[in-house]
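Each remark here refers to the structure printed beneath this line.
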Amino acid sequence: MDYIKRTKQKYNQLAHSNDLRHGDDGTAGMVVRFTTMLMGERVLDLGSGTGQDTRTLKRYGIHVQGLDISEEMIEVAKQTVNHVSFRRGDFRNLPYDDEVFDGIWANLSLVHLMKKDLSIALSQVHRVLKATGIFYASFLTQGTDGFIDDLYYSFYSIEELRERFEDNKLTVFDEVTTDRTAHLFARKQ
């Protein structure tokens, strides 16, 4: 079984469990920062899971859509977040037209891609993001790449992330780092 299928299978199992995060993990501050930078209201929550961040973005008046690879996560999101469209999809092949989103929010979702696939996903982000769009993504910075409890994780240095973004024509203009997480804000070049 490939790593994406294995990760998806685990998230399908977790969708209805209490093992998913609940409450504020500091994301609200990043949402405020992100929403004040937007030049429009159409946002994609990339890796929306059960819709926790989608709900938060919606509270800020954003017209948000969710995308996740897990059918079960999407079903839970549809039941808990009203008036939002959720789709199943792969980060490496986004099912959207070119330049449709004013912003893309990827909170600890791209960490589930192997490093060889991150550039493919970033090129897709570049493709569907409007010229004036803002991209937010957070990544884990300390650990060893591989499976943890049947979920695949990649870990990056901030320098490696900047380089990968640049290689995919995304310019990091703001970043917040903690001891384990890097939060990046980028624009299309």
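Residue names in the structure tokens use chain letters A, B, ... in the order shown, residue numbers from 1 in each chain, and ligand numbers from 1 in the order shown.
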I want to know what sits within 10 Å of A:Gly61, based on only C-alpha atoms, with residues of the same chain fewer than 5 positions away left out; could you give that as a PDB file with C-alpha atoms, in the first residue's frame?
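Once everything was written out, this is out-v3.pdb:
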```
ATOM      1  CA  THR A  35      -7.689  37.064   6.679  1.00  0.00           C
ATOM      2  CA  GLU A  41     -13.045  36.276   0.051  1.00  0.00           C
ATOM      3  CA  ARG A  42     -12.729  32.977  -1.811  1.00  0.00           C
ATOM      4  CA  THR A  56     -13.006  29.339  11.976  1.00  0.00           C
TER       5      THR A  56
END
```
Item to check | Which of stretch 27-169 of chain A fall in helix (DSSP H, G or I), as a PyMOL selection string | outcome: chain A and resi 27-37+52-59+71-80+110-112+115-128+158-167
Next on the checklist: Which residues are near stretch 119-125 of chain A? Cut-off 10 Å, only C-alpha atoms, ignore same chain within fewer than 6 positions. Put them as number ranges by chain.
Outcome noted: A: 44, 46, 90-96, 98-99, 101, 103-104, 106, 110, 113, 135, 164-170, 188
Checklist entry - Of the candidates A:Arg88, A:Lys10, A:Arg59, A:Arg33, which shows the shortest atom-to-atom distance to A:Val176, using only C-alpha atoms? => result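 Between A:Arg88, A:Lys10, A:Arg59, A:Arg33, the residue approaching A:Val176 most closely is A:Arg33.
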Checklist entry - Leaving out stretch 141-156 of chain A and any residue of its chain fewer than 3 positions from it, which residues lie within 12 Å of it when counting only C-alpha atoms, given as a ChimeraX atom specification? => result /A:1-14,19,108-118,138,159-164,177-183
Next on the checklist: Would you pick out the contacts of stretch 75-80 of chain A at 12 Å or less, using only C-alpha atoms, so that residues sharing its chain but fewer than 6 positions from it are not included, and give the list as a ChimeraX atom specification?
Outcome noted: /A:11-17,20,45,47-55,65-69,86-88
Could you write out the selected residues, including C-alpha atoms, as a short mmCIF file (atom, residue, chain, number, x, y, z; two decimals), in the first residue's frame?
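Output file part_3.cif follows:
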```cif
data_model
loop_
_atom_site.label_atom_id
_atom_site.label_comp_id
_atom_site.auth_asym_id
_atom_site.auth_seq_id
_atom_site.Cartn_x
_atom_site.Cartn_y
_atom_site.Cartn_z
CA TYR A 11 -7.78 9.44 8.71
CA ASN A 12 -10.93 7.58 7.64
CA GLN A 13 -10.63 5.60 10.88
CA LEU A 14 -10.01 8.74 12.97
CA ALA A 15 -12.85 10.79 11.47
CA HIS A 16 -15.42 9.73 14.06
CA SER A 17 -13.05 9.38 17.00
CA LEU A 20 -8.68 14.59 16.60
CA ASP A 45 -9.01 25.02 3.13
CA GLY A 47 -6.67 19.42 4.01
CA SER A 48 -9.85 20.53 5.73
CA GLY A 49 -10.30 17.34 7.73
CA THR A 50 -13.43 17.54 9.89
CA GLY A 51 -13.77 21.26 9.18
CA GLN A 52 -12.38 22.84 12.34
CA ASP A 53 -10.31 25.47 10.52
CA THR A 54 -13.01 25.79 7.85
CA ARG A 55 -15.47 26.82 10.55
CA GLN A 65 -14.39 25.59 0.51
CA GLY A 66 -12.82 22.47 1.97
CA LEU A 67 -10.79 19.76 0.28
CA ASP A 68 -9.58 16.55 1.88
CA ILE A 69 -8.52 13.10 0.71
CA PHE A 86 -16.42 20.10 0.73
CA ARG A 87 -14.74 17.99 -1.96
CA ARG A 88 -12.59 14.93 -1.97
#
```
Item to check | Nearest candidate to A:Thr132 (options A:Glu175, A:Gln189, A:Val81, A:Ser70; using only C-alpha atoms) | outcome: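 Closest residue, counting only C-alpha atoms: A:Gln189.
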Item to check | strand (DSSP E or B) positions in chain A, given as number ranges by chain | outcome: A: 42-46, 63-68, 85-88, 90, 93, 101-106, 129-140, 146-148, 151-153, 155, 170-177, 181-188
Checklist outcome for this item: Restricting to only C-alpha atoms, whichever of A:Trp105, A:Arg127, A:Thr27, A:Thr36 is closest to A:Val64 is A:Trp105
Checklist entry - Mind pulling up the distance from atom CA of A:Met37 to atom CA of A:Asp174? => result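 Between atom CA of A:Asp174 and atom CA of A:Met37 the gap is 10.9 Å.
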Checklist entry - How far is it from atom CA of A:Ala137 to atom CA of A:Lys58, in Å with one decimal? => result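 Straight-line distance from atom CA of A:Ala137 to atom CA of A:Lys58 works out to 17.8 Å.
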